[in-house]
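Chemist: This is the content of my_file_27.cif (mmCIF, C-alpha atoms and all ligand atoms):
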```cif
data_protein
#
loop_
_atom_site.label_atom_id
_atom_site.label_comp_id
_atom_site.auth_asym_id
_atom_site.auth_seq_id
_atom_site.Cartn_x
_atom_site.Cartn_y
_atom_site.Cartn_z
CA MET A 1 52.67 -13.39 12.63
CA LEU A 2 50.36 -13.78 15.55
CA SER A 3 49.41 -17.27 16.38
CA ILE A 4 45.75 -17.56 15.70
CA SER A 5 43.87 -18.28 18.90
CA PRO A 6 40.54 -20.14 18.84
CA THR A 7 38.90 -16.80 19.41
CA ILE A 8 40.59 -15.28 16.39
CA SER A 9 40.05 -18.26 14.18
CA LYS A 10 36.35 -18.07 15.04
CA PHE A 11 36.29 -14.57 13.51
CA SER A 12 38.89 -15.10 10.82
CA ASN A 13 36.04 -15.29 8.35
CA LEU A 14 35.80 -11.74 7.00
CA SER A 15 32.04 -11.60 7.07
CA ASP A 16 31.99 -12.59 10.77
CA LEU A 17 34.41 -9.81 11.60
CA HIS A 18 32.32 -7.41 9.60
CA HIS A 19 29.30 -8.65 11.47
CA LEU A 20 31.03 -7.92 14.76
CA ASN A 21 31.65 -4.38 13.73
CA ARG A 22 27.99 -3.74 13.11
CA GLY A 23 26.82 -1.44 15.88
CA ARG A 24 24.30 -2.70 18.35
CA TYR A 25 24.21 -6.26 17.14
CA SER A 26 27.98 -6.78 17.61
CA ARG A 27 27.75 -7.01 21.40
CA HIS A 28 25.08 -9.67 21.30
CA SER A 29 27.13 -11.54 18.70
CA LEU A 30 30.20 -11.47 20.91
CA SER A 31 28.46 -13.10 23.86
CA HIS A 32 27.71 -16.32 22.00
CA LEU A 33 30.69 -16.38 19.63
CA VAL A 34 33.51 -15.80 22.13
CA PRO A 35 34.73 -19.17 23.49
CA PRO A 36 36.37 -19.64 26.95
CA PRO A 37 39.86 -18.00 27.18
CA PRO A 38 42.88 -20.13 26.14
CA SER A 39 45.20 -21.40 28.83
CA THR A 40 48.48 -19.58 28.01
CA HIS A 41 49.30 -16.09 29.17
CA ILE A 42 50.13 -14.90 25.63
CA ARG A 43 46.88 -16.16 24.27
CA ASN A 44 45.00 -14.52 27.14
CA THR A 45 46.63 -11.20 26.41
CA LYS A 46 45.90 -11.42 22.72
CA THR A 47 42.35 -12.47 23.29
CA LEU A 48 41.80 -9.63 25.74
CA ARG A 49 43.31 -7.16 23.29
CA LEU A 50 41.06 -8.53 20.61
CA ARG A 51 37.98 -8.23 22.84
CA HIS A 52 39.08 -4.77 23.82
CA ASN A 53 39.28 -3.88 20.11
CA PHE A 54 35.84 -5.22 19.50
CA ARG A 55 34.46 -3.10 22.31
CA ILE A 56 36.04 0.04 20.93
CA SER A 57 35.02 -0.61 17.36
CA ALA A 58 31.37 -1.19 18.25
CA ILE A 59 29.19 1.87 17.71
CA ASP A 60 26.09 1.85 19.86
CA ALA A 61 23.76 3.43 17.32
CA ALA A 62 21.94 2.08 14.28
CA GLN A 63 23.88 2.77 11.09
CA PRO A 64 22.29 3.04 7.66
CA PHE A 65 24.14 -0.14 6.64
CA ASP A 66 22.97 -1.99 9.78
CA TYR A 67 20.89 -5.08 9.44
CA GLU A 68 18.61 -3.62 12.10
CA SER A 69 18.39 -0.32 10.32
CA LYS A 70 17.68 -2.03 7.03
CA ILE A 71 14.99 -4.19 8.59
CA SER A 72 13.24 -1.23 10.25
CA ASP A 73 13.43 0.64 6.95
CA HIS A 74 11.92 -2.36 5.21
CA ILE A 75 9.11 -2.60 7.80
CA ALA A 76 8.32 1.13 7.47
CA LYS A 77 8.29 0.86 3.67
CA SER A 78 6.17 -2.26 3.73
CA LYS A 79 3.46 -0.28 5.53
CA THR A 80 3.43 2.53 3.01
CA LEU A 81 1.92 2.91 -0.43
CA LYS A 82 2.24 5.11 -3.47
CA ILE A 83 -1.16 6.81 -3.58
CA ALA A 84 -2.43 9.09 -6.35
CA ILE A 85 -5.27 11.36 -5.26
CA VAL A 86 -7.51 12.37 -8.15
CA GLY A 87 -9.59 15.42 -7.19
CA PHE A 88 -7.44 17.53 -4.91
CA GLY A 89 -10.15 19.84 -3.53
CA ASN A 90 -11.33 20.28 0.04
CA PHE A 91 -11.54 16.60 0.98
CA GLY A 92 -8.64 15.36 -1.14
CA GLN A 93 -6.23 17.76 0.56
CA PHE A 94 -7.65 16.92 3.98
CA LEU A 95 -6.91 13.19 3.47
CA ALA A 96 -3.50 13.89 1.91
CA LYS A 97 -2.18 15.59 5.07
CA THR A 98 -2.64 12.45 7.16
CA LEU A 99 -1.44 10.07 4.43
CA VAL A 100 1.78 12.10 4.03
CA ARG A 101 2.30 12.15 7.81
CA GLN A 102 2.00 8.35 7.83
CA GLY A 103 4.85 8.08 5.33
CA HIS A 104 2.91 7.24 2.17
CA THR A 105 4.16 8.68 -1.11
CA VAL A 106 1.29 10.92 -2.19
CA LEU A 107 0.75 12.29 -5.70
CA ALA A 108 -2.19 14.40 -6.81
CA HIS A 109 -4.05 15.43 -9.92
CA SER A 110 -6.99 17.81 -10.27
CA ARG A 111 -8.80 20.05 -12.74
CA THR A 112 -7.52 23.12 -10.87
CA ASP A 113 -3.79 23.73 -10.46
CA TYR A 114 -3.02 23.00 -6.80
CA SER A 115 0.78 22.84 -7.17
CA ALA A 116 1.44 25.34 -4.38
CA ALA A 117 -1.02 23.80 -1.90
CA ALA A 118 0.36 20.35 -2.73
CA ALA A 119 3.99 21.38 -2.22
CA GLU A 120 3.09 22.81 1.20
CA ILE A 121 1.90 19.44 2.45
CA GLY A 122 4.53 17.30 0.74
CA VAL A 123 2.48 16.08 -2.21
CA SER A 124 3.73 15.98 -5.83
CA PHE A 125 1.16 17.63 -8.07
CA TYR A 126 0.58 16.60 -11.70
CA SER A 127 -1.59 18.78 -13.92
CA ASN A 128 -1.56 16.11 -16.57
CA ALA A 129 -3.46 12.85 -16.05
CA ASP A 130 -1.05 10.90 -18.31
CA ASP A 131 1.91 11.97 -16.20
CA ILE A 132 0.43 10.90 -12.88
CA CYS A 133 -0.66 7.52 -14.29
CA GLU A 134 2.81 6.94 -15.72
CA GLU A 135 4.15 7.20 -12.15
CA HIS A 136 2.43 3.84 -11.63
CA PRO A 137 0.77 4.51 -8.26
CA GLU A 138 -0.37 1.43 -6.36
CA VAL A 139 -3.61 3.14 -5.41
CA ILE A 140 -5.81 5.66 -7.24
CA LEU A 141 -7.87 7.48 -4.61
CA LEU A 142 -10.82 9.27 -6.20
CA CYS A 143 -11.83 12.36 -4.22
CA THR A 144 -13.85 14.09 -6.93
CA SER A 145 -17.34 15.50 -6.44
CA ILE A 146 -20.14 12.97 -6.77
CA LEU A 147 -21.45 14.70 -9.86
CA SER A 148 -18.11 14.79 -11.71
CA THR A 149 -16.84 11.30 -10.87
CA ASP A 150 -18.28 9.63 -13.97
CA LYS A 151 -16.63 12.16 -16.27
CA VAL A 152 -13.30 12.16 -14.42
CA LEU A 153 -13.07 8.38 -14.27
CA ARG A 154 -13.80 8.02 -17.98
CA SER A 155 -11.14 10.63 -18.80
CA LEU A 156 -8.31 8.83 -16.95
CA PRO A 157 -5.76 7.11 -19.24
CA LEU A 158 -6.22 3.70 -17.59
CA GLN A 159 -3.87 2.06 -20.12
CA ARG A 160 -0.94 3.94 -18.55
CA LEU A 161 -1.54 2.37 -15.12
CA LYS A 162 -0.27 -0.96 -13.90
CA ARG A 163 -2.93 -3.53 -14.59
CA SER A 164 -3.27 -4.47 -10.93
CA THR A 165 -3.91 -0.93 -9.65
CA LEU A 166 -6.30 -0.57 -6.70
CA PHE A 167 -9.09 1.97 -7.20
CA VAL A 168 -10.58 3.51 -4.08
CA ASP A 169 -13.29 6.15 -3.82
CA VAL A 170 -14.53 8.23 -0.91
CA LEU A 171 -17.84 9.35 -2.39
CA SER A 172 -20.58 9.97 0.15
CA VAL A 173 -22.92 7.77 -1.92
CA LYS A 174 -21.77 4.22 -2.39
CA GLU A 175 -24.03 2.26 -4.74
CA PHE A 176 -23.50 4.88 -7.42
CA ALA A 177 -19.69 4.73 -7.00
CA LYS A 178 -19.66 0.92 -7.01
CA ASP A 179 -21.78 0.70 -10.19
CA LEU A 180 -19.59 3.27 -11.90
CA PHE A 181 -16.37 1.43 -11.02
CA LEU A 182 -17.75 -1.93 -12.14
CA GLN A 183 -18.99 -0.42 -15.35
CA ILE A 184 -15.87 1.57 -16.33
CA LEU A 185 -12.84 -0.24 -14.88
CA PRO A 186 -11.32 -3.26 -16.63
CA LEU A 187 -11.47 -6.52 -14.68
CA ASP A 188 -7.75 -6.36 -13.80
CA PHE A 189 -8.22 -3.44 -11.44
CA ASP A 190 -9.12 -3.93 -7.80
CA ILE A 191 -12.01 -1.94 -6.32
CA LEU A 192 -12.50 -0.72 -2.77
CA CYS A 193 -15.47 1.55 -2.05
CA THR A 194 -15.10 3.62 1.11
CA HIS A 195 -16.74 6.46 2.94
CA PRO A 196 -14.93 8.23 5.76
CA MET A 197 -17.92 9.47 7.81
CA PHE A 198 -16.15 12.70 8.68
CA GLY A 199 -14.71 15.72 6.96
CA PRO A 200 -12.27 18.60 7.32
CA GLU A 201 -14.40 20.14 10.10
CA SER A 202 -15.44 17.12 12.16
CA GLY A 203 -12.06 15.41 11.72
CA LYS A 204 -9.78 18.42 12.00
CA ASN A 205 -8.32 17.47 15.39
CA SER A 206 -8.35 13.69 15.21
CA TRP A 207 -9.97 10.76 13.41
CA LYS A 208 -10.24 8.78 16.61
CA ASP A 209 -13.60 7.04 17.07
CA LEU A 210 -14.92 8.40 13.77
CA PRO A 211 -16.62 5.79 11.56
CA PHE A 212 -15.01 4.61 8.34
CA VAL A 213 -17.24 2.51 6.06
CA TYR A 214 -15.80 0.21 3.40
CA ASP A 215 -16.87 -2.46 0.96
CA LYS A 216 -14.23 -4.70 -0.70
CA VAL A 217 -16.07 -4.78 -4.00
CA ARG A 218 -13.37 -6.58 -6.00
CA ILE A 219 -10.00 -7.49 -4.51
CA GLY A 220 -7.88 -10.10 -6.29
CA ARG A 221 -6.96 -13.24 -4.32
CA ASP A 222 -3.27 -12.66 -4.87
CA GLU A 223 -1.44 -12.13 -1.56
CA SER A 224 0.03 -8.81 -2.73
CA ARG A 225 -3.40 -7.46 -3.70
CA VAL A 226 -4.95 -8.53 -0.40
CA SER A 227 -2.15 -6.96 1.61
CA ARG A 228 -2.25 -3.71 -0.42
CA CYS A 229 -5.94 -3.35 0.38
CA GLU A 230 -5.28 -4.06 4.06
CA LYS A 231 -2.43 -1.51 4.08
CA PHE A 232 -4.77 1.14 2.72
CA LEU A 233 -7.47 0.34 5.28
CA ASP A 234 -4.85 0.36 8.03
CA SER A 235 -4.15 4.04 7.28
CA PHE A 236 -7.55 4.78 8.79
CA ALA A 237 -7.55 2.05 11.43
CA ARG A 238 -4.27 3.28 12.92
CA GLU A 239 -5.72 6.80 13.28
CA GLY A 240 -8.37 5.26 15.55
CA CYS A 241 -11.29 5.18 13.08
CA ILE A 242 -14.13 2.79 13.81
CA MET A 243 -13.86 0.45 10.82
CA LYS A 244 -17.28 -0.70 9.54
CA GLU A 245 -17.44 -3.18 6.69
CA MET A 246 -20.84 -3.17 4.99
CA THR A 247 -22.30 -3.35 1.51
CA CYS A 248 -22.72 -0.17 -0.49
CA ALA A 249 -26.51 -0.68 -0.40
CA GLU A 250 -26.53 -0.91 3.41
CA HIS A 251 -24.39 2.21 3.60
CA ASP A 252 -26.77 4.23 1.43
CA GLN A 253 -29.78 3.20 3.50
CA HIS A 254 -28.09 4.25 6.77
CA ALA A 255 -26.55 7.39 5.28
CA ALA A 256 -29.89 8.69 3.99
CA GLU A 257 -31.38 8.27 7.46
CA SER A 258 -28.47 9.93 9.21
CA GLN A 259 -26.12 12.00 7.03
CA PHE A 260 -28.67 13.32 4.54
CA ILE A 261 -31.07 14.32 7.34
CA THR A 262 -28.19 16.02 9.20
CA HIS A 263 -27.12 18.01 6.13
CA THR A 264 -30.73 18.95 5.32
CA VAL A 265 -31.48 20.21 8.83
CA GLY A 266 -28.15 22.08 8.88
CA ARG A 267 -28.99 23.77 5.58
CA ILE A 268 -32.54 24.67 6.68
CA LEU A 269 -31.13 26.28 9.82
CA GLU A 270 -28.50 28.08 7.76
CA LYS A 271 -31.32 29.80 5.88
CA LEU A 272 -32.58 31.20 9.21
CA ASP A 273 -29.33 33.14 9.68
CA LEU A 274 -29.09 32.11 13.31
CA ASP A 275 -27.00 34.34 15.58
CA SER A 276 -25.20 33.50 18.77
CA THR A 277 -26.96 35.05 21.80
CA PRO A 278 -25.67 35.95 25.28
CA ILE A 279 -27.76 33.09 26.71
CA ASN A 280 -27.00 30.20 24.35
CA THR A 281 -28.10 26.83 25.68
CA LYS A 282 -25.95 23.77 25.01
CA GLY A 283 -28.54 22.56 22.53
CA TYR A 284 -28.46 25.83 20.65
CA GLU A 285 -24.65 25.75 20.58
CA ARG A 286 -24.90 22.33 18.95
CA LEU A 287 -27.27 23.71 16.33
CA LEU A 288 -24.83 26.52 15.54
CA ASP A 289 -22.06 23.90 15.22
CA LEU A 290 -24.25 21.89 12.87
CA VAL A 291 -24.81 24.93 10.67
CA GLU A 292 -21.06 25.59 10.57
CA ASN A 293 -20.27 21.95 9.80
CA THR A 294 -22.74 21.54 6.97
CA SER A 295 -22.25 24.96 5.39
CA SER A 296 -18.51 24.34 5.00
CA ASP A 297 -19.33 21.53 2.52
CA SER A 298 -20.08 22.49 -1.08
CA PHE A 299 -23.71 22.60 -2.22
CA GLU A 300 -22.64 20.20 -4.97
CA LEU A 301 -21.81 17.64 -2.32
CA TYR A 302 -25.23 18.07 -0.67
CA TYR A 303 -26.98 17.87 -4.02
CA GLY A 304 -25.04 14.67 -4.77
CA LEU A 305 -26.29 13.14 -1.50
CA PHE A 306 -29.82 13.80 -2.73
CA MET A 307 -29.46 12.93 -6.41
CA TYR A 308 -27.36 9.78 -6.16
CA ASN A 309 -28.84 8.06 -3.13
CA LYS A 310 -32.15 6.49 -4.01
CA ASN A 311 -33.22 6.58 -0.34
CA ALA A 312 -32.79 10.35 0.00
CA MET A 313 -36.13 11.36 -1.56
CA GLU A 314 -38.06 9.20 0.90
CA GLN A 315 -36.20 10.80 3.81
CA LEU A 316 -36.93 14.28 2.48
CA GLU A 317 -40.64 13.43 2.29
CA ARG A 318 -40.60 11.97 5.80
CA LEU A 319 -38.95 15.15 7.07
CA ASP A 320 -41.62 17.24 5.37
CA LEU A 321 -44.43 15.12 6.83
CA ALA A 322 -42.87 15.21 10.28
CA PHE A 323 -42.70 19.02 10.18
CA GLU A 324 -46.32 19.30 9.03
CA SER A 325 -47.46 16.86 11.68
CA LEU A 326 -45.63 18.81 14.38
CA LYS A 327 -47.23 22.07 13.29
CA LYS A 328 -50.66 20.48 13.29
CA GLU A 329 -50.07 19.13 16.77
CA LEU A 330 -49.15 22.60 18.02
CA PHE A 331 -52.00 24.37 16.24
CA GLY A 332 -54.44 21.68 17.38
CA HIS A 333 -53.59 22.44 21.01
CA LEU A 334 -53.82 26.17 20.39
CA HIS A 335 -57.19 25.70 18.78
CA GLU A 336 -58.46 23.83 21.84
CA VAL A 337 -57.22 26.49 24.30
CA LEU A 338 -58.74 29.35 22.33
CA ARG A 339 -62.07 27.59 22.06
CA LYS A 340 -62.13 27.13 25.81
CA GLN A 341 -61.23 30.76 26.42
CA LEU A 342 -63.78 32.09 23.96
CA PHE A 343 -66.75 29.88 24.74
CA GLY A 344 -66.07 28.17 28.05
CA THR A 345 -66.62 24.57 28.88
CA LYS A 346 -70.41 24.77 29.25
CA GLU A 347 -71.14 25.26 25.56
CA ARG A 348 -68.53 22.73 24.78
CA SER A 349 -70.17 20.06 26.90
CA LEU A 350 -73.55 20.91 25.29
CA GLY A 351 -71.98 20.53 21.87
CA LEU A 352 -72.97 24.08 20.85
CA LEU A 353 -69.52 25.21 19.88
CA GLN A 354 -69.12 26.76 16.43
CA GLU A 355 -65.85 27.24 14.56
CA PRO A 356 -64.61 30.75 15.54
CA ARG A 357 -63.87 32.90 12.49
CA ALA A 358 -60.41 33.87 13.75
CA LEU A 359 -59.31 30.24 13.68
CA SER A 360 -60.79 29.23 10.38
CA LYS A 361 -57.45 29.73 8.61
CA LEU A 362 -55.62 27.22 10.80
CA PRO A 363 -54.59 24.07 8.96
CA PRO A 364 -56.85 21.09 9.52
CA ASN A 365 -55.87 18.63 12.22
CA GLY A 366 -54.90 15.93 9.78
CA ASN A 367 -55.93 12.41 10.73
CA GLY A 368 -55.83 13.45 14.40
CA SER A 369 -54.35 10.13 15.45
CA SER A 370 -51.04 11.68 16.47
CA LEU A 371 -52.75 14.27 18.68
CA PRO A 372 -53.41 13.56 22.34
CA SER A 373 -57.15 13.25 23.04
CA PRO A 374 -58.69 16.17 24.95
CA PRO A 375 -59.09 15.61 28.72
CA GLN A 376 -62.32 13.72 29.63
CA SER A 377 -64.68 15.67 31.94
CA ASP A 378 -66.71 12.64 33.09
CA SER A 379 -65.32 9.51 34.54
CA THR A 380 -66.63 6.40 32.87
CA ASN A 381 -65.80 4.24 35.94
P1 LIG A 401 -16.90 18.38 -3.69
O1 LIG A 401 -17.44 19.67 -4.10
O2 LIG A 401 -17.87 17.28 -3.52
O3 LIG A 401 -15.75 17.93 -4.70
C1 LIG A 401 -14.70 18.78 -5.06
C2 LIG A 401 -13.73 18.01 -5.92
O4 LIG A 401 -14.34 17.59 -7.15
C3 LIG A 401 -12.54 18.87 -6.30
O5 LIG A 401 -11.39 18.07 -6.29
C4 LIG A 401 -12.87 19.29 -7.73
O6 LIG A 401 -11.71 19.50 -8.50
C5 LIG A 401 -13.58 18.09 -8.27
N1 LIG A 401 -14.50 18.45 -9.34
C6 LIG A 401 -15.70 19.05 -9.24
N2 LIG A 401 -16.26 19.21 -10.46
C7 LIG A 401 -15.37 18.73 -11.36
C8 LIG A 401 -15.37 18.59 -12.77
N3 LIG A 401 -16.40 18.99 -13.52
N4 LIG A 401 -14.30 18.02 -13.36
C9 LIG A 401 -13.25 17.59 -12.63
N5 LIG A 401 -13.20 17.69 -11.29
C10 LIG A 401 -14.25 18.24 -10.65
O7 LIG A 401 -16.15 18.65 -2.30
P2 LIG A 401 -15.21 17.78 -1.38
O8 LIG A 401 -15.62 18.11 -0.01
O9 LIG A 401 -13.81 18.00 -1.75
O10 LIG A 401 -15.62 16.24 -1.61
C11 LIG A 401 -14.91 15.41 -2.48
C12 LIG A 401 -15.47 13.99 -2.39
O11 LIG A 401 -15.29 13.50 -1.05
C13 LIG A 401 -16.96 13.92 -2.68
O12 LIG A 401 -17.24 12.80 -3.46
C14 LIG A 401 -17.59 13.75 -1.31
O13 LIG A 401 -18.80 13.03 -1.35
C15 LIG A 401 -16.51 12.99 -0.55
N6 LIG A 401 -16.50 13.21 0.89
C16 LIG A 401 -16.48 14.47 1.37
C17 LIG A 401 -16.51 14.66 2.74
C18 LIG A 401 -16.49 16.04 3.34
O14 LIG A 401 -16.73 16.18 4.52
N7 LIG A 401 -16.23 17.05 2.59
C19 LIG A 401 -16.54 13.55 3.61
C20 LIG A 401 -16.51 12.27 3.07
C21 LIG A 401 -16.50 12.10 1.71
P3 LIG A 401 -11.07 20.96 -8.58
O15 LIG A 401 -10.94 21.43 -7.16
O16 LIG A 401 -9.78 20.73 -9.26
O17 LIG A 401 -12.01 21.81 -9.35
#
```
Represent the supplied structure as C-alpha cells.
Modeler:
Amino acid sequence: MLSISPTISKFSNLSDLHHLNRGRYSRHSLSHLVPPPPSTHIRNTKTLRLRHNFRISAIDAAQPFDYESKISDHIAKSKTLKIAIVGFGNFGQFLAKTLVRQGHTVLAHSRTDYSAAAAEIGVSFYSNADDICEEHPEVILLCTSILSTDKVLRSLPLQRLKRSTLFVDVLSVKEFAKDLFLQILPLDFDILCTHPMFGPESGKNSWKDLPFVYDKVRIGRDESRVSRCEKFLDSFAREGCIMKEMTCAEHDQHAAESQFITHTVGRILEKLDLDSTPINTKGYERLLDLVENTSSDSFELYYGLFMYNKNAMEQLERLDLAFESLKKELFGHLHEVLRKQLFGTKERSLGLLQEPRALSKLPPNGNGSSLPSPPQSDSTN
C-alpha cells in the first residue's frame, strides 16, 4: 500500500477526486487544494506522480456532465420559454423565426394547415387546439387578424392550459385587444398587450431601433410570473427594439395619428398604380417603398385598424379635410393668376372684375383663412 501523503489524503474523498477530474475547473481546484510538498524524497515522488496524473486526466473542454456546462445550460434554459403561437399567418411566422433562433420552444396552431412551413423554421404545428393547449405552453401568443381574434379566443379550450398561462397579443389595435382579454380570460391568466411597430417588410433585416409597445395589463405578483413576462419582453429588447411601455389607450391615439395615416396614404397611392421612372427622386423612391410596405399587409389588417381604433375615423376625416383645403389653396392661386391675365390689374383695382365663366366651376375658396392674402398694391405706411 502506498503511504497516504497529505496531498493524497486531501483528495481521498471520492467526490473531491471526481471534482478534480472535471475538465476546466480541475486546474483551478488544484491550485488551492494542493498543499506544500512533503519533506521526504518518496513523498515528493509520489506527490509529483499524483500531480502529473491530475494534469493528464484533466480535459480542457466543457463536458456535458461539467458543473460549468450544466450551469450554462441552465442559464440558457432560464432565458427561454415554451411559446404557442395561435394564428400562424404572415406575422405569426415572421415572429416565430426570431423566437426559434433565440432558443425558445415554439409551437403553433392556425385555421390553415401550416405543418410544412412550420417544420421548415423549427416550429411544431398542431392542427387541433386541444392538442396544443395540452402541451402546456407558458405563453399563448395571439397573432390572429384583428377581426377574428374574438372568435379564436373564445374557441380556445382554456381549461386545458395551466392556470397561470401568460396571454400575449400583437394586434395593431390595443384597447380592443385589452377589453377582449379582460372579458374572456379567467382571472388566473396573466395578460400582456403588445404591438411590435414593424412587420415582415420593415423588420426583415433587423429589429434594431424599431419600436415595441407594451402594456402589462395583468401580471401576477408571483416572482415566476413577473420573470416570465420579463423573459418574453427581453426577446424583443435583445434584438435591439426600442421598448415603449404605455397604456393601450395611449397607443391607439398615437397609432391612429401615425400608423393609420401611413397605411391610408400608402393605399391611396397604390390605387394610382405608380411606376418607377428613370428620374426617380429620393422622395418618390420613398413613396414607392411605402406602397410596397403597405400593400404587403392584408386588407383585413387595414380594415381592422379603421374599425377597431376609435380614433381612426377622426384621422380619416382630417385627412379628407386636409386634401380639400390643399386643393382649394391651389385653385385659389390659379383663380387669382387667371383673373390678372384676363382682366389686368386696372379693372381689379377699380373693383370692376366679374367672375369669368371659365372659372365658375372651380370649388369655392372655403373660409379663405388658410390662403395667403393677395399682394397689396398700396403701402399703408
Ligand atoms: P392578418 O390578415 O391580420 O391575420 C392573419 C391571421 O389571422 C392568420 O393567422 C389567419 O389564420 C388568422 N385568421 C384570419 N381570419 C381567421 C378566422 N376567421 N378564423 C381563424 N383565424 C383567422 O395578417 P397578419 O399580418 O398575419 O397579422 C396578424 C396580426 O398581427 C394582426 O392582429 C395584426 O394587427 C398584427 N400585426 C401585424 C403586423 C404586420 O406588419 N403584418 C405588425 C404588427 C402587428 P390562417 O392563416 O390560418 O387562415
Chemist: Just want the 10 Å neighbourhood of segment 302-315 of chain A, counted on all atoms listed in the file, with same-chain residues fewer than 6 positions away dropped. Output as a VMD selection string.
Modeler: chain A and resid 145 to 148 171 to 177 249 251 to 261 263 to 264 267 294 to 295 321
Chemist: Residues within 6 Å of ligand LIG 401 (chain A) should be enumerated using all atoms listed in the file and returned as a ChimeraX atom specification.
Modeler: /A:87-92,110-112,143-146,148,152,170-172,195-200,297-298,300-301
Chemist: How would the residues just chosen look if you wrote them out with C-alpha atoms as a tab-separated table (two decimals), in the coordinates of the input?
Modeler:
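Output file selection29.tsv is given in full below:
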```tsv
chain	number	residue	atom	x	y	z
A	87	GLY	CA	-9.59	15.42	-7.19
A	88	PHE	CA	-7.44	17.53	-4.91
A	89	GLY	CA	-10.15	19.84	-3.53
A	90	ASN	CA	-11.33	20.28	0.04
A	91	PHE	CA	-11.54	16.60	0.98
A	92	GLY	CA	-8.64	15.36	-1.14
A	110	SER	CA	-6.99	17.81	-10.27
A	111	ARG	CA	-8.80	20.05	-12.74
A	112	THR	CA	-7.52	23.12	-10.87
A	143	CYS	CA	-11.83	12.36	-4.22
A	144	THR	CA	-13.85	14.09	-6.93
A	145	SER	CA	-17.34	15.50	-6.44
A	146	ILE	CA	-20.14	12.97	-6.77
A	148	SER	CA	-18.11	14.79	-11.71
A	152	VAL	CA	-13.30	12.16	-14.42
A	170	VAL	CA	-14.53	8.23	-0.91
A	171	LEU	CA	-17.84	9.35	-2.39
A	172	SER	CA	-20.58	9.97	0.15
A	195	HIS	CA	-16.74	6.46	2.94
A	196	PRO	CA	-14.93	8.23	5.76
A	197	MET	CA	-17.92	9.47	7.81
A	198	PHE	CA	-16.15	12.70	8.68
A	199	GLY	CA	-14.71	15.72	6.96
A	200	PRO	CA	-12.27	18.60	7.32
A	297	ASP	CA	-19.33	21.53	2.52
A	298	SER	CA	-20.08	22.49	-1.08
A	300	GLU	CA	-22.64	20.20	-4.97
A	301	LEU	CA	-21.81	17.64	-2.32
```
Chemist: Using only C-alpha atoms and a cutoff of 12 Å, can you tell me which residues are near (-13.5, -6.0, -13.6) in the file's coordinates, and write them out as a list in words?
Modeler: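 Nearby residues: Arg163, Ser164, Thr165, Leu166, Phe167, Lys178, Asp179, Leu180, Phe181, Leu182, Gln183, Ile184, Leu185, Pro186, Leu187, Asp188, Phe189, Asp190, Ile191, Val217, Arg218, Ile219 and Gly220 of chain A.
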Chemist: Could you write out that same residue set with C-alpha atoms as a PDB file, keeping the file's coordinate frame?
Modeler:
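The result, stored in part.pdb:
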```
ATOM      1  CA  ARG A 163      -2.930  -3.530 -14.590  1.00  0.00           C
ATOM      2  CA  SER A 164      -3.270  -4.470 -10.930  1.00  0.00           C
ATOM      3  CA  THR A 165      -3.910  -0.930  -9.650  1.00  0.00           C
ATOM      4  CA  LEU A 166      -6.300  -0.570  -6.700  1.00  0.00           C
ATOM      5  CA  PHE A 167      -9.090   1.970  -7.200  1.00  0.00           C
ATOM      6  CA  LYS A 178     -19.660   0.920  -7.010  1.00  0.00           C
ATOM      7  CA  ASP A 179     -21.780   0.700 -10.190  1.00  0.00           C
ATOM      8  CA  LEU A 180     -19.590   3.270 -11.900  1.00  0.00           C
ATOM      9  CA  PHE A 181     -16.370   1.430 -11.020  1.00  0.00           C
ATOM     10  CA  LEU A 182     -17.750  -1.930 -12.140  1.00  0.00           C
ATOM     11  CA  GLN A 183     -18.990  -0.420 -15.350  1.00  0.00           C
ATOM     12  CA  ILE A 184     -15.870   1.570 -16.330  1.00  0.00           C
ATOM     13  CA  LEU A 185     -12.840  -0.240 -14.880  1.00  0.00           C
ATOM     14  CA  PRO A 186     -11.320  -3.260 -16.630  1.00  0.00           C
ATOM     15  CA  LEU A 187     -11.470  -6.520 -14.680  1.00  0.00           C
ATOM     16  CA  ASP A 188      -7.750  -6.360 -13.800  1.00  0.00           C
ATOM     17  CA  PHE A 189      -8.220  -3.440 -11.440  1.00  0.00           C
ATOM     18  CA  ASP A 190      -9.120  -3.930  -7.800  1.00  0.00           C
ATOM     19  CA  ILE A 191     -12.010  -1.940  -6.320  1.00  0.00           C
ATOM     20  CA  VAL A 217     -16.070  -4.780  -4.000  1.00  0.00           C
ATOM     21  CA  ARG A 218     -13.370  -6.580  -6.000  1.00  0.00           C
ATOM     22  CA  ILE A 219     -10.000  -7.490  -4.510  1.00  0.00           C
ATOM     23  CA  GLY A 220      -7.880 -10.100  -6.290  1.00  0.00           C
TER      24      GLY A 220
END
```
Chemist: So, with only C-alpha atoms as the atoms that count, which of A:Cys193, A:Leu142, A:Ile132, A:Ile268 lies closest to Lys162 of chain A?
Modeler: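 Closest candidate: A:Ile132.
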Chemist: When you look at Lys231 of chain A with a cut-off of 12 Å (counting all atoms listed in the file), what residues show up, excluding the ones that are within fewer than 3 positions of it in the same chain? I need them as a ChimeraX atom specification.
Modeler: /A:76-83,99,102,104,138-139,166,224-228,234-238
